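Shown here: entry-v3.txt, compact mmCIF, C-alpha atoms.
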# COMPACT_ATOMS: atom_id res chain seq x y z
CA MET C 1 73.20 105.98 96.28
CA SER C 2 70.41 103.75 95.06
CA THR C 3 71.07 100.04 94.74
CA TRP C 4 71.40 100.10 90.98
CA GLU C 5 73.72 103.12 91.09
CA ALA C 6 75.90 101.28 93.57
CA ALA C 7 75.83 98.20 91.31
CA ILE C 8 76.91 100.28 88.30
CA SER C 9 79.68 101.86 90.41
CA ILE C 10 80.89 98.39 91.37
CA LEU C 11 80.85 97.06 87.79
CA GLY C 12 82.77 100.15 86.71
CA LEU C 13 85.28 99.53 89.50
CA GLY C 14 85.83 96.02 88.11
CA PHE C 15 86.50 97.53 84.69
CA ILE C 16 88.99 99.94 86.33
CA THR C 17 90.77 96.96 87.94
CA VAL C 18 91.35 95.35 84.53
CA LEU C 19 92.18 98.63 82.81
CA THR C 20 94.79 99.76 85.35
CA ARG C 21 96.38 96.35 85.95
CA ALA C 22 96.66 95.53 82.24
CA PHE C 23 97.31 99.11 81.13
CA PHE C 24 100.69 98.73 79.43
CA LEU C 25 99.85 95.15 78.43
CA LEU C 26 96.91 96.36 76.33
CA PRO C 27 98.63 97.77 73.22
CA GLN C 28 99.95 95.27 70.68
CA ARG C 29 103.27 97.10 70.42
CA GLU C 30 105.61 98.60 73.02
CA VAL C 31 104.61 102.13 74.12
CA PRO C 32 107.00 104.59 75.75
CA ILE C 33 105.73 106.08 79.03
CA PRO C 34 105.56 109.88 78.74
CA LEU C 35 107.52 111.87 81.34
CA TRP C 36 104.56 113.89 82.67
CA LEU C 37 102.69 110.66 83.32
CA ARG C 38 105.62 109.20 85.23
CA GLU C 39 105.68 112.27 87.45
CA ALA C 40 101.93 112.27 88.07
CA LEU C 41 102.02 108.52 88.75
CA ARG C 42 104.36 109.14 91.64
CA TYR C 43 101.95 111.41 93.54
CA ALA C 44 98.39 110.58 92.44
CA PRO C 45 97.97 107.28 94.34
CA LEU C 46 99.37 108.82 97.52
CA ALA C 47 97.12 111.87 97.16
CA ALA C 48 94.01 109.76 96.56
CA LEU C 49 94.68 107.66 99.67
CA VAL C 50 95.40 110.63 101.93
CA ALA C 51 92.36 112.50 100.61
CA VAL C 52 90.14 109.58 101.62
CA ILE C 53 91.87 108.96 104.97
CA ALA C 54 92.15 112.50 106.37
CA PRO C 55 88.39 113.26 106.59
CA GLU C 56 87.75 109.76 107.98
CA VAL C 57 90.13 110.47 110.86
CA ILE C 58 89.69 114.12 111.81
CA MET C 59 86.15 115.01 110.71
CA LYS C 60 82.71 114.13 111.98
CA ASP C 61 79.43 114.98 110.25
CA GLY C 62 81.21 117.33 107.84
CA HIS C 63 83.12 119.33 110.47
CA LEU C 64 86.56 119.14 112.02
CA ILE C 65 86.21 117.31 115.31
CA GLN C 66 86.14 119.69 118.28
CA THR C 67 87.46 117.33 120.93
CA TRP C 68 90.63 115.41 121.67
CA GLN C 69 88.52 112.64 123.15
CA ASP C 70 88.02 110.80 119.89
CA ALA C 71 89.28 107.23 119.69
CA ARG C 72 89.92 107.49 115.93
CA LEU C 73 92.73 110.03 116.44
CA TYR C 74 94.71 107.73 118.71
CA ALA C 75 93.91 104.61 116.69
CA ALA C 76 95.20 106.28 113.54
CA ALA C 77 98.29 107.59 115.35
CA ALA C 78 98.99 104.15 116.84
CA GLY C 79 98.62 102.50 113.42
CA ALA C 80 100.89 105.08 111.77
CA LEU C 81 103.53 104.69 114.49
CA TRP C 82 103.42 100.92 114.15
CA TYR C 83 103.88 101.17 110.40
CA TRP C 84 106.77 103.58 110.85
CA TRP C 85 108.36 101.19 113.34
CA ARG C 86 107.73 97.75 111.78
CA ARG C 87 106.63 98.41 108.16
CA GLY C 88 103.80 95.87 108.26
CA ILE C 89 100.17 96.50 107.29
CA LEU C 90 98.89 93.60 109.41
CA GLY C 91 100.47 95.08 112.55
CA THR C 92 99.14 98.50 111.62
CA ILE C 93 95.57 97.17 111.51
CA VAL C 94 95.89 95.13 114.71
CA CYS C 95 97.63 97.86 116.72
CA GLY C 96 95.25 100.64 115.61
CA THR C 97 92.16 98.50 116.19
CA ALA C 98 93.40 97.52 119.66
CA VAL C 99 93.80 101.18 120.62
CA LEU C 100 90.39 101.99 119.14
CA LEU C 101 88.61 99.27 121.09
CA ALA C 102 90.53 100.04 124.31
CA LEU C 103 89.56 103.71 124.23
CA ARG C 104 85.99 103.00 123.15
CA PHE C 105 85.30 100.46 125.87
CA GLY C 106 87.72 101.72 128.52
CA LEU C 107 86.95 105.44 128.36
CA GLY C 108 83.78 105.55 126.29
CA TRP C 109 85.31 107.80 123.57
CA MET F 110 107.53 90.75 70.27
CA THR F 111 106.48 88.12 67.71
CA ASP F 112 109.99 86.71 67.39
CA VAL F 113 109.71 85.20 70.87
CA ALA F 114 108.73 81.54 70.72
CA PRO F 115 105.60 80.86 72.78
CA PRO F 116 106.06 78.41 75.64
CA PRO F 117 105.54 74.81 74.48
CA PRO F 118 102.07 73.38 75.19
CA LEU F 119 101.99 71.64 78.52
CA SER F 120 101.28 67.94 78.36
CA SER F 121 99.99 67.76 81.94
CA PRO F 122 97.59 70.14 83.74
CA ILE F 123 99.18 73.40 84.85
CA TRP F 124 98.66 72.69 88.57
CA GLN F 125 100.98 69.68 88.36
CA HIS F 126 103.83 71.81 87.07
CA PRO F 127 106.60 72.17 89.72
CA GLU F 128 106.69 75.95 89.17
CA PHE F 129 102.95 76.19 89.86
CA ARG F 130 103.56 74.51 93.21
CA ARG F 131 106.53 76.74 93.87
CA GLY F 132 104.50 79.87 93.11
CA ALA F 133 101.71 78.64 95.38
CA ARG F 134 104.12 77.73 98.18
CA GLU F 135 105.93 81.06 98.12
CA MET F 136 102.64 82.95 98.13
CA THR F 137 101.38 80.90 101.09
CA GLY F 138 104.39 82.08 103.09
CA ILE F 139 103.27 85.70 102.93
CA ALA F 140 99.51 85.21 102.86
CA LEU F 141 98.88 86.20 106.50
CA GLY F 142 98.95 89.95 105.89
CA LEU F 143 96.82 89.41 102.82
CA ALA F 144 94.31 87.43 104.89
CA ALA F 145 93.91 90.28 107.39
CA TRP F 146 93.43 92.79 104.57
CA GLY F 147 90.74 90.58 102.99
CA LEU F 148 88.92 90.19 106.30
CA VAL F 149 89.00 93.94 106.94
CA THR F 150 87.74 94.66 103.45
CA GLY F 151 84.88 92.18 103.85
CA VAL F 152 83.82 93.72 107.18
CA ALA F 153 84.23 97.28 105.87
CA MET F 154 82.01 96.65 102.83
CA VAL F 155 79.06 95.57 104.96
CA LYS F 156 79.72 98.11 107.75
CA SER F 157 79.73 100.96 105.22
CA GLY F 158 76.13 100.05 104.47
CA LEU F 159 76.54 98.00 101.31
CA PRO F 160 73.81 95.32 101.11
CA ILE F 161 75.21 91.74 101.18
CA PRO F 162 74.50 90.99 97.48
CA LEU F 163 76.38 94.14 96.46
CA ALA F 164 79.23 93.29 98.82
CA LEU F 165 79.47 89.87 97.14
CA LEU F 166 79.36 91.50 93.70
CA MET F 167 82.11 93.88 94.77
CA THR F 168 84.45 91.24 96.14
CA PHE F 169 84.13 88.98 93.10
CA VAL F 170 84.14 91.69 90.41
CA VAL F 171 86.47 94.38 91.74
CA PHE F 172 89.13 92.22 93.48
CA ALA F 173 91.23 95.23 94.50
CA GLY F 174 91.31 95.90 98.26
CA SER F 175 92.63 99.43 98.38
CA ALA F 176 90.30 100.65 95.60
CA GLN F 177 87.36 98.97 97.36
CA LEU F 178 88.21 100.52 100.73
CA ALA F 179 88.75 103.95 99.21
CA SER F 180 85.48 103.88 97.28
CA LEU F 181 83.31 102.65 100.19
CA PRO F 182 83.03 105.97 102.06
CA LEU F 183 82.27 107.66 98.74
CA ILE F 184 79.51 105.20 97.83
CA ALA F 185 78.13 105.49 101.37
CA SER F 186 78.02 109.30 101.21
CA ASP F 187 76.26 109.45 97.84
CA ALA F 188 79.20 110.76 95.82
CA PRO F 189 78.63 110.89 92.05
CA ILE F 190 79.70 107.70 90.29
CA TRP F 191 82.47 109.43 88.34
CA VAL F 192 84.12 110.60 91.57
CA VAL F 193 84.05 107.01 92.86
CA TRP F 194 85.65 105.81 89.64
CA ALA F 195 88.21 108.62 89.49
CA THR F 196 89.30 107.93 93.09
CA ALA F 197 89.59 104.20 92.48
CA ALA F 198 91.54 104.80 89.27
CA CYS F 199 93.99 107.03 91.17
CA VAL F 200 94.40 104.52 93.99
CA ASN F 201 95.02 101.86 91.31
CA LEU F 202 97.62 103.90 89.43
CA ARG F 203 100.40 101.87 90.99
CA PHE F 204 99.12 98.93 88.94
CA VAL F 205 99.63 101.01 85.79
CA ILE F 206 103.30 101.23 86.75
CA PHE F 207 103.40 97.50 87.50
CA SER F 208 101.83 96.75 84.10
CA ALA F 209 104.83 98.34 82.40
CA GLY F 210 106.93 95.88 84.41
CA TRP F 211 104.82 92.91 83.23
CA ARG F 212 105.21 93.88 79.59
CA PRO F 213 108.53 92.06 78.90
CA TYR F 214 107.14 88.82 80.36
CA PHE F 215 103.58 88.72 79.05
CA GLY F 216 103.57 91.22 76.17
CA HIS F 217 103.81 88.42 73.58
CA LEU F 218 100.58 86.70 74.72
CA PRO F 219 97.25 87.14 72.89
CA LEU F 220 95.07 90.04 74.07
CA ARG F 221 92.65 87.81 76.01
CA GLU F 222 95.54 86.27 77.94
CA ARG F 223 97.06 89.69 78.60
CA LEU F 224 93.77 90.92 80.05
CA LEU F 225 93.46 87.82 82.24
CA HIS F 226 97.01 88.18 83.54
CA GLY F 227 96.35 91.85 84.21
CA TYR F 228 93.12 91.27 86.13
CA PHE F 229 94.69 88.79 88.54
CA THR F 230 97.92 90.64 89.34
CA ALA F 231 97.63 92.05 92.83
CA ASP F 232 100.57 93.74 94.57
CA LEU F 233 102.01 90.57 96.09
CA ASN F 234 102.00 88.74 92.76
CA TYR F 235 104.16 91.46 91.29
CA VAL F 236 106.64 91.40 94.17
CA MET F 237 106.98 87.61 94.23
CA PHE F 238 107.17 87.20 90.46
CA MET F 239 109.86 89.86 90.01
CA ARG F 240 111.89 88.24 92.76
CA ARG F 241 111.63 84.82 91.09
CA PHE F 242 112.29 86.06 87.54
CA PRO F 243 114.49 89.16 87.78
CA GLU F 244 115.55 88.89 84.14
CA PRO F 245 112.88 90.48 81.90
CA LYS F 246 112.60 87.63 79.37
CA PRO F 247 109.71 85.23 78.77
CA SER F 248 110.24 81.60 79.79
CA ALA F 249 108.09 78.47 80.00
CA ASP F 250 108.29 78.44 83.83
CA GLN F 251 106.69 81.84 84.25
CA GLY F 252 103.09 80.94 83.42
CA PRO F 253 102.84 78.10 85.96
CA TYR F 254 104.66 80.11 88.65
CA PHE F 255 102.39 83.10 88.03
CA TRP F 256 99.15 81.08 88.20
CA GLY F 257 100.33 79.17 91.26
CA GLY F 258 100.75 82.44 93.12
CA VAL F 259 97.47 83.80 91.76
CA ALA F 260 95.58 80.69 92.90
CA ILE F 261 96.68 81.12 96.53
CA ASN F 262 96.34 84.89 96.43
CA TRP F 263 92.82 84.81 94.97
CA VAL F 264 91.50 82.01 97.17
CA THR F 265 92.95 83.54 100.37
CA TRP F 266 91.60 86.97 99.52
CA GLN F 267 88.09 85.84 98.57
CA ALA F 268 87.77 83.37 101.47
CA MET F 269 88.72 86.02 104.02
CA SER F 270 86.60 88.67 102.34
CA LEU F 271 83.57 86.33 102.47
CA LEU F 272 84.33 85.57 106.12
CA GLY F 273 84.40 89.31 106.78
CA ILE F 274 81.05 89.79 105.02
CA ALA F 275 79.56 86.94 107.09
CA LEU F 276 80.97 88.22 110.40
CA ALA F 277 80.17 91.88 109.83
CA ASP F 278 76.56 91.58 110.97
CA ARG F 279 77.58 89.91 114.23
CA ILE F 280 79.89 92.78 115.15
CA PRO F 281 78.05 95.82 116.54
CA THR F 282 78.62 98.97 114.47
CA ALA F 283 79.35 100.88 117.70
CA TRP F 284 82.67 99.09 117.96
CA GLY F 285 83.77 101.09 114.96
CA LEU F 286 85.57 98.20 113.27
CA GLY F 287 84.93 99.77 109.87
CA PHE F 288 87.84 101.98 110.92
CA ALA F 289 90.14 99.00 110.37
CA GLY F 290 89.75 99.71 106.65
CA THR F 291 91.08 103.23 107.21
CA LEU F 292 93.96 101.76 109.23
CA ALA F 293 94.84 99.47 106.32
CA LEU F 294 94.90 102.49 104.03
CA ILE F 295 97.17 104.29 106.51
CA GLY F 296 99.67 101.43 106.26
CA LEU F 297 99.48 101.50 102.48
CA THR F 298 100.07 105.27 102.52
CA GLY F 299 103.10 104.75 104.73
CA SER F 300 104.64 102.55 102.05
CA LEU F 301 104.35 105.44 99.57
CA LEU F 302 105.97 108.07 101.81
CA THR F 303 109.52 107.63 100.61
CA ASP F 304 111.06 111.10 100.70
CA ARG F 305 110.47 114.75 101.59
CA GLN F 306 108.48 115.51 98.43
CA THR F 307 106.00 112.69 99.04
CA TRP F 308 105.51 113.84 102.66
CA ILE F 309 104.80 117.39 101.49
CA ALA F 310 102.42 116.16 98.78
CA ALA F 311 100.60 114.03 101.37
CA ALA F 312 100.25 117.00 103.75
CA ILE F 313 98.87 119.13 100.90
CA ALA F 314 96.38 116.40 99.98
CA ALA F 315 95.21 116.04 103.61
CA CYS F 316 94.74 119.79 104.09
CA ALA F 317 92.98 120.21 100.73
CA ALA F 318 90.66 117.24 101.32
CA VAL F 319 89.57 118.64 104.71
CA ALA F 320 89.46 122.32 103.67
CA ALA F 321 87.41 121.59 100.54
CA PHE F 322 85.15 119.08 102.33
CA ALA F 323 82.08 121.29 101.94
CA LEU F 324 82.26 121.04 98.14
CA PRO F 325 79.43 119.00 96.62
CA PHE F 326 79.90 115.57 95.00
CA LYS F 327 82.98 114.71 97.09
CA LEU F 328 84.94 117.01 94.81
CA ASN F 329 87.30 117.60 97.73
CA ILE F 330 88.98 114.31 96.75
CA VAL F 331 89.57 115.55 93.20
CA VAL F 332 90.79 118.94 94.47
CA ALA F 333 93.19 117.22 96.87
CA ILE F 334 94.64 114.96 94.18
CA ALA F 335 95.08 117.84 91.73
CA ALA F 336 96.75 120.04 94.38
CA ALA F 337 99.11 117.33 95.61
CA VAL F 338 100.12 116.20 92.12
CA ALA F 339 100.75 119.82 91.05
CA VAL F 340 102.85 120.56 94.15
CA GLY F 341 104.71 117.27 93.79
CA ILE F 342 105.64 117.94 90.17
CA VAL F 343 106.76 121.48 91.01
CA LEU F 344 108.92 120.12 93.86
CA ASP F 345 110.46 117.55 91.52
CA HIS F 346 111.43 120.28 89.07
CA PHE F 347 113.07 122.35 91.78
CA LYS F 348 115.11 119.40 92.97
CA PRO F 349 118.61 119.78 91.54
CA THR F 350 119.05 116.12 90.56
CA VAL F 351 118.50 113.91 87.55
CA PRO F 352 114.85 114.17 86.45
CA PRO F 353 112.79 111.05 87.09
CA GLY F 354 112.51 108.81 84.09
CA VAL F 355 116.10 109.38 83.05
CA ALA F 356 117.31 107.75 86.24
CA SER F 357 115.27 104.59 85.73
Please, can you express the file's structure as structure tokens?
Amino acid sequence: MSTWEAAISILGLGFITVLTRAFFLLPQREVPIPLWLREALRYAPLAALVAVIAPEVIMKDGHLIQTWQDARLYAAAAGALWYWWRRGILGTIVCGTAVLLALRFGLGW
Amino acid sequence: MTDVAPPPPLSSPIWQHPEFRRGAREMTGIALGLAAWGLVTGVAMVKSGLPIPLALLMTFVVFAGSAQLASLPLIASDAPIWVVWATAACVNLRFVIFSAGWRPYFGHLPLRERLLHGYFTADLNYVMFMRRFPEPKPSADQGPYFWGGVAINWVTWQAMSLLGIALADRIPTAWGLGFAGTLALIGLTGSLLTDRQTWIAAAIAACAAVAAFALPFKLNIVVAIAAAVAVGIVLDHFKPTVPPGVAS
């Protein structure tokens, strides 16, 4: 992306912040939330997150990774386990990063 | 909503109001996780290749950690702008739900005020505010409490994000600390995995995003969202319970 394209993307992202956070505050009068939207709202954020995460963890240069010796796999697993255990995002970041750095510097993965 | 009396004008500045201080104090108590998130986001912006001026623009304009983290790999890999926006909008959909929750408290304010309140409401503000004011009725204490929490939330976030931007260049890329952003997203995903249907939808999204990776323009993200939402809705309709919406 060129610099100005990135800048436009970022300004648009700011607009999206306002639009989504103020969404049901925007209309002057009360609006009922349609059922189909409620249902899609339940899954779309989850799907967007997972769709971004999965390739970041198990792919490299556009292909599935071919080795188990990749620090990202264990860092992601450690983070996920921590979250499952303690339910804290801070711990998830710290625990996953610790595993990542340990494998990277200890084993060179 | 016009029959609700607006809060009386405050004679002293808002930051001297006891509820402002209470909002600020309660937000301070939980700001540590927020601080880590901000730091990670700051580092991730620079490590994804964003030039410093653009990273600064992003932190001050966008002010939404998960949307920023999710859009960074897309911006870095030259995805079309609309895919970046669509992904961020999806990640931000939880705020659309929150905004329906804000309506009873702030719906009577003028449009400019409503937009301002909307822009500054991050996740933690919603959680803290709803705990403080469980009854959905406007009151004069709500504004000061809200802005007290926002002040701490915004300052903590931006300070840590700036620190992350400043530190990013001193940390070698080989360490792979940009991955901390992905770890933060993993935690956020965990908070959304509440039952069997959400687990299945997540698995579908992961498989679709990887299987369709070769598609141009990062369309694999769009494909994954469409597939997971479709499967999720179908699963909901096969579940022999009260349909969502009626229950709430």
ask   = Hey, what's within 12 Å of Gly158 of chain F if we count only C-alpha atoms and toss same-chain stuff fewer than 2 positions away? As a PyMOL selection string, please?
value = (chain C and resi 1-3+6) or (chain F and resi 151-156+160-164+181-187+274+277-278+282+287)
From F:Ala144, F:Met239, F:Ala289, F:Ile342, residue lying nearest Leu35 of chain C [only C-alpha atoms]: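 Nearest to Leu35 of chain C: F:Ile342.
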(message) Can you tell me which residues surround Pro243 of chain F at a distance of at most 12 Å, considering only C-alpha atoms, apart from same-chain residues fewer than 6 positions away, and format the answer as a count of residues only?
(response) 8
When you look at Asp61 of chain C with a cut-off of 12 Å (counting all atoms listed in the file), what residues show up, excluding the ones that are within fewer than 6 positions of it in the same chain? I need them as a VMD selection string.
(chain C and resid 55) or (chain F and resid 186 322 to 323)
Generate the output file for the selected residues, C-alpha atoms, as a PDB file, in the frame of the given file.
ATOM      1  CA  PRO C  55      88.390 113.260 106.590  1.00  0.00           C
TER       2      PRO C  55
ATOM      3  CA  SER F 186      78.020 109.300 101.210  1.00  0.00           C
ATOM      4  CA  PHE F 322      85.150 119.080 102.330  1.00  0.00           C
ATOM      5  CA  ALA F 323      82.080 121.290 101.940  1.00  0.00           C
TER       6      ALA F 323
END
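For the set F:Val264, F:Ile330, F:Ala249, F:Leu233, the residue with the smallest atom-to-atom gap to Met136 of chain F is F:Leu233, counting all atoms listed in the file.
Residues in contact with Ser270 of chain F at 8 Å, where all atoms listed in the file are counted and same-chain residues fewer than 3 positions away are skipped, are listed as Gly147, Leu148, Val149, Thr150, Gly151, Val152, Thr168, Trp266, Gln267, Gly273 and Ile274 of chain F.
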With all atoms listed in the file counted, which protein, DNA or RNA residues have an atom no more than 10 Å from (96.6, 106.5, 118.5) in the file frame? Please answer as a PyMOL selection string. chain C and resi 70-82+95-100+103
Proximal residues of chain C relative to chain F (only C-alpha atoms; 6 Å) as a PyMOL selection string: chain C and resi 1+9-10+13-14+18+20-25+40+43-45+47-48+50-51+54-55+83+89-90+93
Emit as JSON the padded axis-aligned box for all listed atoms of segment 176-187 of chain F, 4 Å per side, with centre and edge lengths in Å to one decimal.
{"center_x": 83.3, "center_y": 104.2, "center_z": 98.8, "size_x": 22.0, "size_y": 18.5, "size_z": 14.5}
* To do: State, in Å with one decimal place, the distance from atom CA of Trp4 of chain C to atom CA of Leu19 of chain C.
  =>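 Between atom CA of Trp4 of chain C and atom CA of Leu19 of chain C the gap is 22.4 Å.
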Students should find that atom CA of Ile53 of chain C and atom CA of Thr17 of chain C are spaced 20.9 Å
